[in-house]
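Undergrad: Dropping in start-v5.json, with JSON, C-alpha atoms.
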[["chain", "number", "residue", "atom", "x", "y", "z"],
["A", 1, "MET", "CA", -22.08, 91.83, 70.49],
["A", 2, "LEU", "CA", -21.34, 94.86, 68.25],
["A", 3, "LYS", "CA", -22.59, 98.33, 69.06],
["A", 4, "LYS", "CA", -22.08, 101.71, 67.48],
["A", 5, "LEU", "CA", -19.77, 103.94, 69.48],
["A", 6, "PHE", "CA", -20.12, 107.68, 69.93],
["A", 7, "LYS", "CA", -18.07, 110.69, 70.95],
["A", 8, "GLN", "CA", -18.59, 109.84, 74.63],
["A", 9, "ASP", "CA", -16.72, 106.55, 74.01],
["A", 10, "VAL", "CA", -13.54, 108.34, 72.92],
["A", 11, "ASP", "CA", -11.78, 107.71, 76.27],
["A", 12, "PHE", "CA", -12.03, 103.93, 75.72],
["A", 13, "ILE", "CA", -11.02, 104.24, 72.06],
["A", 14, "TYR", "CA", -8.09, 106.53, 72.77],
["A", 15, "ALA", "CA", -6.73, 104.41, 75.61],
["A", 16, "LEU", "CA", -6.83, 101.37, 73.33],
["A", 17, "LEU", "CA", -5.16, 103.30, 70.50],
["A", 18, "GLU", "CA", -2.36, 104.39, 72.83],
["A", 19, "GLY", "CA", -1.84, 100.83, 74.04],
["A", 20, "SER", "CA", -2.07, 99.15, 70.63],
["A", 21, "PHE", "CA", -0.49, 101.43, 68.01],
["A", 22, "PRO", "CA", 2.73, 103.41, 67.58],
["A", 23, "ALA", "CA", 2.16, 107.12, 68.29],
["A", 24, "ASP", "CA", 2.50, 108.04, 64.60],
["A", 25, "GLU", "CA", -0.51, 105.86, 63.72],
["A", 26, "TYR", "CA", -3.24, 107.76, 65.53],
["A", 27, "ARG", "CA", -4.46, 111.33, 65.99],
["A", 28, "THR", "CA", -4.35, 113.50, 69.08],
["A", 29, "TYR", "CA", -7.13, 113.00, 71.62],
["A", 30, "GLU", "CA", -8.96, 116.15, 70.50],
["A", 31, "GLU", "CA", -8.68, 115.22, 66.81],
["A", 32, "GLN", "CA", -9.92, 111.70, 67.56],
["A", 33, "LYS", "CA", -12.89, 113.14, 69.40],
["A", 34, "GLY", "CA", -13.53, 115.61, 66.57],
["A", 35, "ILE", "CA", -13.72, 113.03, 63.78],
["A", 36, "PHE", "CA", -16.94, 111.70, 65.29],
["A", 37, "ASP", "CA", -18.50, 114.83, 63.78],
["A", 38, "ASP", "CA", -17.66, 113.58, 60.28],
["A", 39, "PRO", "CA", -20.65, 111.53, 59.02],
["A", 40, "ARG", "CA", -18.32, 109.26, 57.04],
["A", 41, "TYR", "CA", -16.60, 108.05, 60.23],
["A", 42, "THR", "CA", -18.05, 105.36, 62.49],
["A", 43, "ALA", "CA", -16.61, 103.28, 65.31],
["A", 44, "TYR", "CA", -18.11, 99.99, 66.48],
["A", 45, "GLY", "CA", -17.38, 98.33, 69.77],
["A", 46, "PHE", "CA", -17.47, 94.70, 70.80],
["A", 47, "CYS", "CA", -19.05, 94.10, 74.19],
["A", 48, "GLY", "CA", -18.64, 91.12, 76.47],
["A", 49, "ASP", "CA", -21.59, 89.38, 78.09],
["A", 50, "ASP", "CA", -21.45, 91.94, 80.90],
["A", 51, "GLY", "CA", -21.74, 94.84, 78.43],
["A", 52, "LYS", "CA", -18.13, 95.94, 78.95],
["A", 53, "LEU", "CA", -16.30, 97.15, 75.83],
["A", 54, "LEU", "CA", -13.51, 94.74, 74.84],
["A", 55, "GLY", "CA", -12.45, 96.12, 71.46],
["A", 56, "PHE", "CA", -13.37, 98.42, 68.61],
["A", 57, "VAL", "CA", -13.05, 98.96, 64.89],
["A", 58, "SER", "CA", -13.22, 102.38, 63.24],
["A", 59, "VAL", "CA", -14.18, 102.82, 59.60],
["A", 60, "TRP", "CA", -14.57, 105.50, 57.00],
["A", 61, "GLU", "CA", -17.48, 104.99, 54.60],
["A", 62, "LEU", "CA", -16.20, 106.67, 51.46],
["A", 63, "LYS", "CA", -17.78, 106.88, 48.01],
["A", 64, "GLU", "CA", -16.26, 103.68, 46.61],
["A", 65, "ILE", "CA", -14.48, 102.05, 49.54],
["A", 66, "VAL", "CA", -14.77, 101.37, 53.24],
["A", 67, "PHE", "CA", -11.49, 102.07, 54.99],
["A", 68, "VAL", "CA", -10.80, 100.25, 58.25],
["A", 69, "GLU", "CA", -8.66, 102.80, 60.06],
["A", 70, "HIS", "CA", -8.13, 101.04, 63.39],
["A", 71, "LEU", "CA", -8.95, 97.66, 64.89],
["A", 72, "ALA", "CA", -7.93, 96.93, 68.47],
["A", 73, "VAL", "CA", -8.87, 94.52, 71.25],
["A", 74, "LEU", "CA", -7.95, 94.76, 74.93],
["A", 75, "SER", "CA", -4.77, 92.73, 75.42],
["A", 76, "GLY", "CA", -6.32, 90.22, 77.83],
["A", 77, "PHE", "CA", -9.05, 89.38, 75.31],
["A", 78, "ARG", "CA", -6.98, 88.91, 72.14],
["A", 79, "GLY", "CA", -7.11, 85.54, 70.40],
["A", 80, "ARG", "CA", -10.78, 84.98, 71.26],
["A", 81, "GLY", "CA", -12.30, 85.89, 67.89],
["A", 82, "ILE", "CA", -13.27, 89.45, 68.82],
["A", 83, "GLY", "CA", -11.20, 91.03, 66.03],
["A", 84, "SER", "CA", -12.69, 88.59, 63.51],
["A", 85, "GLU", "CA", -16.18, 89.42, 64.76],
["A", 86, "LEU", "CA", -15.52, 93.14, 64.35],
["A", 87, "LEU", "CA", -14.19, 92.66, 60.80],
["A", 88, "SER", "CA", -17.04, 90.41, 59.70],
["A", 89, "GLY", "CA", -19.53, 92.93, 61.08],
["A", 90, "ILE", "CA", -18.03, 95.57, 58.79],
["A", 91, "ALA", "CA", -17.92, 93.29, 55.76],
["A", 92, "LEU", "CA", -21.57, 92.33, 56.18],
["A", 93, "GLN", "CA", -22.65, 95.98, 56.18],
["A", 94, "THR", "CA", -21.28, 96.90, 52.77],
["A", 95, "ASP", "CA", -20.96, 95.86, 49.15],
["A", 96, "LYS", "CA", -18.00, 98.21, 48.70],
["A", 97, "GLN", "CA", -14.34, 97.22, 48.67],
["A", 98, "VAL", "CA", -13.04, 97.14, 52.24],
["A", 99, "CYS", "CA", -9.38, 98.05, 52.75],
["A", 100, "LEU", "CA", -6.92, 98.63, 55.55],
["A", 101, "GLU", "CA", -3.25, 99.41, 56.13],
["A", 102, "VAL", "CA", -0.66, 97.03, 57.63],
["A", 103, "GLU", "CA", 3.00, 97.24, 58.56],
["A", 104, "PRO", "CA", 5.54, 95.56, 56.27],
["A", 105, "PRO", "CA", 6.00, 91.85, 57.13],
["A", 106, "LEU", "CA", 9.43, 92.39, 58.68],
["A", 107, "ASP", "CA", 8.97, 90.66, 62.04],
["A", 108, "GLU", "CA", 6.88, 87.93, 63.64],
["A", 109, "GLU", "CA", 4.26, 90.32, 65.02],
["A", 110, "SER", "CA", 3.60, 92.05, 61.68],
["A", 111, "ARG", "CA", 3.50, 88.69, 59.84],
["A", 112, "ARG", "CA", 1.03, 87.36, 62.42],
["A", 113, "ARG", "CA", -1.15, 90.47, 61.94],
["A", 114, "ILE", "CA", -1.14, 90.03, 58.15],
["A", 115, "ALA", "CA", -2.01, 86.33, 58.58],
["A", 116, "PHE", "CA", -4.94, 87.34, 60.82],
["A", 117, "TYR", "CA", -6.33, 89.63, 58.13],
["A", 118, "GLU", "CA", -5.77, 86.98, 55.43],
["A", 119, "LYS", "CA", -7.65, 84.46, 57.59],
["A", 120, "ASN", "CA", -10.47, 87.00, 57.62],
["A", 121, "GLY", "CA", -10.65, 87.26, 53.83],
["A", 122, "PHE", "CA", -8.20, 90.08, 53.11],
["A", 123, "PHE", "CA", -5.52, 90.08, 50.43],
["A", 124, "PHE", "CA", -2.02, 91.51, 50.87],
["A", 125, "ASN", "CA", -1.20, 93.85, 47.98],
["A", 126, "ASP", "CA", 2.54, 94.12, 47.38],
["A", 127, "PHE", "CA", 2.58, 97.72, 46.11],
["A", 128, "PRO", "CA", 4.69, 100.40, 47.81],
["A", 129, "TYR", "CA", 2.55, 102.66, 49.99],
["A", 130, "VAL", "CA", 3.28, 105.36, 52.53],
["A", 131, "GLN", "CA", 0.76, 106.50, 55.11],
["A", 132, "PRO", "CA", 1.05, 110.30, 55.18],
["A", 133, "PRO", "CA", 1.44, 111.89, 58.62],
["A", 134, "MET", "CA", -1.74, 111.27, 60.60],
["A", 135, "THR", "CA", -1.58, 114.78, 62.00],
["A", 136, "GLU", "CA", 0.86, 117.66, 62.46],
["A", 137, "GLY", "CA", 4.04, 116.50, 64.17],
["A", 138, "LYS", "CA", 3.58, 112.83, 63.21],
["A", 139, "ARG", "CA", 5.79, 110.98, 60.73],
["A", 140, "GLU", "CA", 4.89, 109.27, 57.47],
["A", 141, "ILE", "CA", 4.98, 105.47, 57.71],
["A", 142, "PRO", "CA", 5.77, 102.83, 55.06],
["A", 143, "LEU", "CA", 2.83, 100.43, 55.05],
["A", 144, "PHE", "CA", 0.92, 98.12, 52.69],
["A", 145, "ILE", "CA", -2.74, 98.03, 51.71],
["A", 146, "MET", "CA", -4.83, 94.92, 52.23],
["A", 147, "THR", "CA", -8.17, 94.57, 50.47],
["A", 148, "GLY", "CA", -11.22, 92.43, 51.13],
["A", 149, "ARG", "CA", -13.01, 90.27, 48.57],
["A", 150, "CYS", "CA", -10.13, 90.35, 46.04],
["A", 151, "ALA", "CA", -6.53, 91.36, 45.56],
["A", 152, "ALA", "CA", -6.00, 94.80, 44.08],
["A", 153, "ASP", "CA", -4.42, 95.24, 40.69],
["A", 154, "ARG", "CA", -2.28, 98.34, 40.12],
["A", 155, "LYS", "CA", -5.27, 100.42, 38.93],
["A", 156, "MET", "CA", -7.42, 99.55, 41.97],
["A", 157, "PHE", "CA", -4.48, 100.12, 44.32],
["A", 158, "GLU", "CA", -3.80, 103.59, 42.86],
["A", 159, "LYS", "CA", -7.47, 104.51, 43.20],
["A", 160, "ILE", "CA", -7.53, 103.38, 46.85],
["A", 161, "LYS", "CA", -4.27, 105.21, 47.57],
["A", 162, "THR", "CA", -5.51, 108.45, 45.98],
["A", 163, "THR", "CA", -8.81, 108.20, 47.87],
["A", 164, "LEU", "CA", -7.05, 107.69, 51.21],
["A", 165, "TYR", "CA", -4.61, 110.52, 50.57],
["A", 166, "THR", "CA", -7.28, 113.03, 49.62],
["A", 167, "GLU", "CA", -10.21, 111.95, 51.83],
["A", 168, "ILE", "CA", -8.54, 110.69, 55.02],
["A", 169, "TYR", "CA", -5.11, 112.32, 55.15],
["A", 170, "LYS", "CA", -6.10, 115.51, 53.32],
["A", 171, "THR", "CA", -2.94, 115.66, 51.22],
["A", 172, "GLU", "CA", -2.21, 116.08, 47.55],
["A", 173, "LYS", "CA", 1.43, 115.11, 48.10],
["A", 174, "LYS", "CA", 2.55, 112.02, 46.21],
["A", 175, "TYR", "CA", 4.50, 109.70, 48.46]]
What does the file become when written as structure tokens?
TA:
Amino acid sequence: MLKKLFKQDVDFIYALLEGSFPADEYRTYEEQKGIFDDPRYTAYGFCGDDGKLLGFVSVWELKEIVFVEHLAVLSGFRGRGIGSELLSGIALQTDKQVCLEVEPPLDEESRRRIAFYEKNGFFFNDFPYVQPPMTEGKREIPLFIMTGRCAADRKMFEKIKTTLYTEIYKTEKKY
């Protein structure tokens, strides 16, 4: 069952971020808490039958795209369709292009993650992309963009990249 999460759920979200992502791929605790004040940002949780949160997805509803910033499931509950349920819940809520970032397919784990997103209707776009530093003190990260509904051509990719750089990462720098 999906439910909208709020600022008071940041402890669950942050603990899952810390356990699921490299440190350069998420904000500080205070910054994570603060983005709940941005009306474009929403997090949704997946609850088990007992009402306990088992995973979450966070999205940015931008003018022309929906950006899936993070998707994570508690380690003991992975492989049970929760991530797919979270993604389909997002896709059903919008007619906009949905996109997300993934690591380069250099090892088994990153290839498995890309295959998961492809199984859920996303397309791997083989254009060079760098995620700018998430916050001060974090590093830039070479990633790729995956898109829902259709693969991105160069023009669509550049538009998504520019939107993410200016709206999410607040940078004019060209990586």
Undergrad: Which residues come within 12 Å of Lys52 in chain A, counting all atoms listed in the file, excluding same-chain residues fewer than 3 positions away, as number ranges by chain?
TA: A: 1-3, 9, 12, 45-49, 55-56, 74, 77
Undergrad: Taking into account all atoms listed in the file, which residue in the set A:Ile114, A:Ile145, A:Ala15, A:Met156 is nearest to Asp126 in chain A?
TA: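 Under the stated criterion, the closest residue is A:Ile145.
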Undergrad: I'd like the interatomic distance between CA of Leu164 in chain A and CA of Gly148 in chain A, to a tenth of an Å.
TA: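 The value is 15.8 Å.
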Undergrad: Just checking: using only C-alpha atoms, which residue out of A:Met146, A:Leu17, A:Val130, A:Ile65 ends up closest to Tyr165 in chain A?
TA: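 Ranking A:Met146, A:Leu17, A:Val130, A:Ile65 by distance to Tyr165 in chain A, first place goes to A:Val130.
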Undergrad: Would you work out the distance separating CA of Ala43 in chain A from CA of Arg78 in chain A, expressed in Å to one decimal?
TA: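 According to the coordinates, CA of Ala43 in chain A and CA of Arg78 in chain A are separated by 18.6 Å.
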Undergrad: Between CA of Glu61 in chain A and CA of Thr147 in chain A, what distance in Å does the model show, to one decimal?
TA: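 Computing the Euclidean distance for CA of Glu61 in chain A and CA of Thr147 in chain A yields 14.6 Å.
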Undergrad: Check the smallest atom-to-atom distance from each of A:Ala115, A:Leu143, A:Cys150, A:Met134 to Tyr169 in chain A using all atoms listed in the file, then report the winner.
TA: A:Met134
Undergrad: So, with all atoms listed in the file as the atoms that count, which of A:Asp11, A:Asp50, A:Asp153, A:Asp24 lies closest to Asn125 in chain A?
TA: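 Closest to Asn125 in chain A, using all atoms listed in the file: A:Asp153.
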Undergrad: Fewer than 5 positions away in the same chain doesn't count, so skip those; otherwise give me all residues within 12 Å of Pro132 in chain A, counting all atoms listed in the file, as a JSON list (two decimals) with C-alpha atoms, in the coordinates of the input.
TA:
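And here is the file that came out, out.json:
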[["chain", "number", "residue", "atom", "x", "y", "z"],
["A", 24, "ASP", "CA", 2.50, 108.04, 64.60],
["A", 25, "GLU", "CA", -0.51, 105.86, 63.72],
["A", 26, "TYR", "CA", -3.24, 107.76, 65.53],
["A", 101, "GLU", "CA", -3.25, 99.41, 56.13],
["A", 137, "GLY", "CA", 4.04, 116.50, 64.17],
["A", 138, "LYS", "CA", 3.58, 112.83, 63.21],
["A", 139, "ARG", "CA", 5.79, 110.98, 60.73],
["A", 140, "GLU", "CA", 4.89, 109.27, 57.47],
["A", 141, "ILE", "CA", 4.98, 105.47, 57.71],
["A", 142, "PRO", "CA", 5.77, 102.83, 55.06],
["A", 143, "LEU", "CA", 2.83, 100.43, 55.05],
["A", 161, "LYS", "CA", -4.27, 105.21, 47.57],
["A", 162, "THR", "CA", -5.51, 108.45, 45.98],
["A", 164, "LEU", "CA", -7.05, 107.69, 51.21],
["A", 165, "TYR", "CA", -4.61, 110.52, 50.57],
["A", 166, "THR", "CA", -7.28, 113.03, 49.62],
["A", 167, "GLU", "CA", -10.21, 111.95, 51.83],
["A", 168, "ILE", "CA", -8.54, 110.69, 55.02],
["A", 169, "TYR", "CA", -5.11, 112.32, 55.15],
["A", 170, "LYS", "CA", -6.10, 115.51, 53.32],
["A", 171, "THR", "CA", -2.94, 115.66, 51.22],
["A", 172, "GLU", "CA", -2.21, 116.08, 47.55],
["A", 173, "LYS", "CA", 1.43, 115.11, 48.10],
["A", 174, "LYS", "CA", 2.55, 112.02, 46.21],
["A", 175, "TYR", "CA", 4.50, 109.70, 48.46]]
Undergrad: List the residues sitting within 9 Å of (-15.0, 105.3, 45.9) in the file's frame, using only C-alpha atoms, as a list in words.
TA: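 Every residue inside that radius is included here: Leu62, Lys63, Glu64, Ile65, Val66, Lys96, Gln97, Lys159, Ile160 and Thr163 of chain A.
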Undergrad: When distances are computed from only C-alpha atoms, which of A:Ser75, A:Ser58, A:Thr94, A:Asn120 shows the smallest separation from Ile35 in chain A?
TA: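 The shortest atom-to-atom distance to Ile35 in chain A comes from A:Ser58.
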Undergrad: To box range 44-57 of chain A, take all atoms listed in the file, fit an axis-aligned box, add 3 Å on each side, and give centre and edge lengths in Å to one decimal, as lines of an AutoDock Vina configuration file.
TA:
center_x = -17.1
center_y = 94.7
center_z = 72.9
size_x = 15.3
size_y = 16.6
size_z = 22.0
Undergrad: Could you rebuild range 141-152 of chain A with all heavy atoms and give me the result as a JSON list (two decimals), in the frame of the given file?
TA:
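See rebuild-v7.json below for the written result:
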[["chain", "number", "residue", "atom", "x", "y", "z"],
["A", 141, "ILE", "N", 4.64, 106.84, 57.35],
["A", 141, "ILE", "CA", 4.98, 105.47, 57.71],
["A", 141, "ILE", "C", 4.86, 104.58, 56.47],
["A", 141, "ILE", "O", 3.81, 104.57, 55.81],
["A", 141, "ILE", "CB", 4.00, 104.93, 58.78],
["A", 141, "ILE", "CG1", 3.96, 105.88, 59.99],
["A", 141, "ILE", "CG2", 4.39, 103.53, 59.22],
["A", 141, "ILE", "CD1", 2.78, 105.63, 60.89],
["A", 142, "PRO", "N", 5.90, 103.79, 56.16],
["A", 142, "PRO", "CA", 5.77, 102.83, 55.06],
["A", 142, "PRO", "C", 4.87, 101.67, 55.49],
["A", 142, "PRO", "O", 5.11, 101.02, 56.50],
["A", 142, "PRO", "CB", 7.21, 102.37, 54.81],
["A", 142, "PRO", "CG", 7.94, 102.66, 56.07],
["A", 142, "PRO", "CD", 7.23, 103.79, 56.76],
["A", 143, "LEU", "N", 3.80, 101.47, 54.75],
["A", 143, "LEU", "CA", 2.83, 100.43, 55.05],
["A", 143, "LEU", "C", 2.46, 99.70, 53.75],
["A", 143, "LEU", "O", 3.01, 99.98, 52.69],
["A", 143, "LEU", "CB", 1.56, 101.03, 55.68],
["A", 143, "LEU", "CG", 1.72, 101.76, 57.01],
["A", 143, "LEU", "CD1", 0.41, 102.42, 57.41],
["A", 143, "LEU", "CD2", 2.18, 100.81, 58.10],
["A", 144, "PHE", "N", 1.51, 98.79, 53.85],
["A", 144, "PHE", "CA", 0.92, 98.12, 52.69],
["A", 144, "PHE", "C", -0.59, 98.18, 52.85],
["A", 144, "PHE", "O", -1.11, 98.34, 53.95],
["A", 144, "PHE", "CB", 1.37, 96.66, 52.59],
["A", 144, "PHE", "CG", 2.79, 96.51, 52.14],
["A", 144, "PHE", "CD1", 3.82, 96.46, 53.06],
["A", 144, "PHE", "CD2", 3.10, 96.45, 50.79],
["A", 144, "PHE", "CE1", 5.13, 96.34, 52.65],
["A", 144, "PHE", "CE2", 4.40, 96.33, 50.36],
["A", 144, "PHE", "CZ", 5.43, 96.27, 51.30],
["A", 145, "ILE", "N", -1.28, 98.05, 51.73],
["A", 145, "ILE", "CA", -2.74, 98.03, 51.71],
["A", 145, "ILE", "C", -3.21, 96.59, 51.57],
["A", 145, "ILE", "O", -2.70, 95.84, 50.72],
["A", 145, "ILE", "CB", -3.30, 98.86, 50.52],
["A", 145, "ILE", "CG1", -2.91, 100.34, 50.65],
["A", 145, "ILE", "CG2", -4.81, 98.69, 50.38],
["A", 145, "ILE", "CD1", -3.61, 101.10, 51.74],
["A", 146, "MET", "N", -4.16, 96.21, 52.39],
["A", 146, "MET", "CA", -4.83, 94.92, 52.23],
["A", 146, "MET", "C", -6.27, 95.22, 51.83],
["A", 146, "MET", "O", -6.86, 96.21, 52.29],
["A", 146, "MET", "CB", -4.78, 94.10, 53.52],
["A", 146, "MET", "CG", -3.36, 93.66, 53.87],
["A", 146, "MET", "SD", -3.27, 92.51, 55.26],
["A", 146, "MET", "CE", -3.84, 90.98, 54.48],
["A", 147, "THR", "N", -6.81, 94.38, 50.96],
["A", 147, "THR", "CA", -8.17, 94.57, 50.47],
["A", 147, "THR", "C", -9.00, 93.32, 50.73],
["A", 147, "THR", "O", -8.49, 92.20, 50.71],
["A", 147, "THR", "CB", -8.18, 94.86, 48.96],
["A", 147, "THR", "OG1", -7.35, 93.92, 48.28],
["A", 147, "THR", "CG2", -7.68, 96.27, 48.66],
["A", 148, "GLY", "N", -10.29, 93.53, 50.96],
["A", 148, "GLY", "CA", -11.22, 92.43, 51.13],
["A", 148, "GLY", "C", -11.77, 91.99, 49.78],
["A", 148, "GLY", "O", -11.64, 92.70, 48.79],
["A", 149, "ARG", "N", -12.33, 90.82, 49.75],
["A", 149, "ARG", "CA", -13.01, 90.27, 48.57],
["A", 149, "ARG", "C", -12.07, 89.86, 47.43],
["A", 149, "ARG", "O", -12.27, 88.86, 46.79],
["A", 149, "ARG", "CB", -14.07, 91.22, 48.04],
["A", 149, "ARG", "CG", -15.20, 91.44, 49.02],
["A", 149, "ARG", "CD", -16.37, 92.16, 48.38],
["A", 149, "ARG", "NE", -17.45, 92.27, 49.32],
["A", 149, "ARG", "CZ", -17.63, 93.29, 50.13],
["A", 149, "ARG", "NH1", -16.80, 94.32, 50.11],
["A", 149, "ARG", "NH2", -18.64, 93.30, 50.96],
["A", 150, "CYS", "N", -11.06, 90.69, 47.13],
["A", 150, "CYS", "CA", -10.13, 90.35, 46.04],
["A", 150, "CYS", "C", -8.84, 91.13, 46.20],
["A", 150, "CYS", "O", -8.82, 92.17, 46.86],
["A", 150, "CYS", "CB", -10.75, 90.63, 44.67],
["A", 150, "CYS", "SG", -11.03, 92.38, 44.34],
["A", 151, "ALA", "N", -7.80, 90.63, 45.58],
["A", 151, "ALA", "CA", -6.53, 91.36, 45.56],
["A", 151, "ALA", "C", -6.70, 92.57, 44.64],
["A", 151, "ALA", "O", -7.50, 92.55, 43.70],
["A", 151, "ALA", "CB", -5.42, 90.45, 45.05],
["A", 152, "ALA", "N", -5.95, 93.59, 44.91],
["A", 152, "ALA", "CA", -6.00, 94.80, 44.08],
["A", 152, "ALA", "C", -4.97, 94.70, 42.96],
["A", 152, "ALA", "O", -3.84, 94.30, 43.19],
["A", 152, "ALA", "CB", -5.71, 96.03, 44.93]]
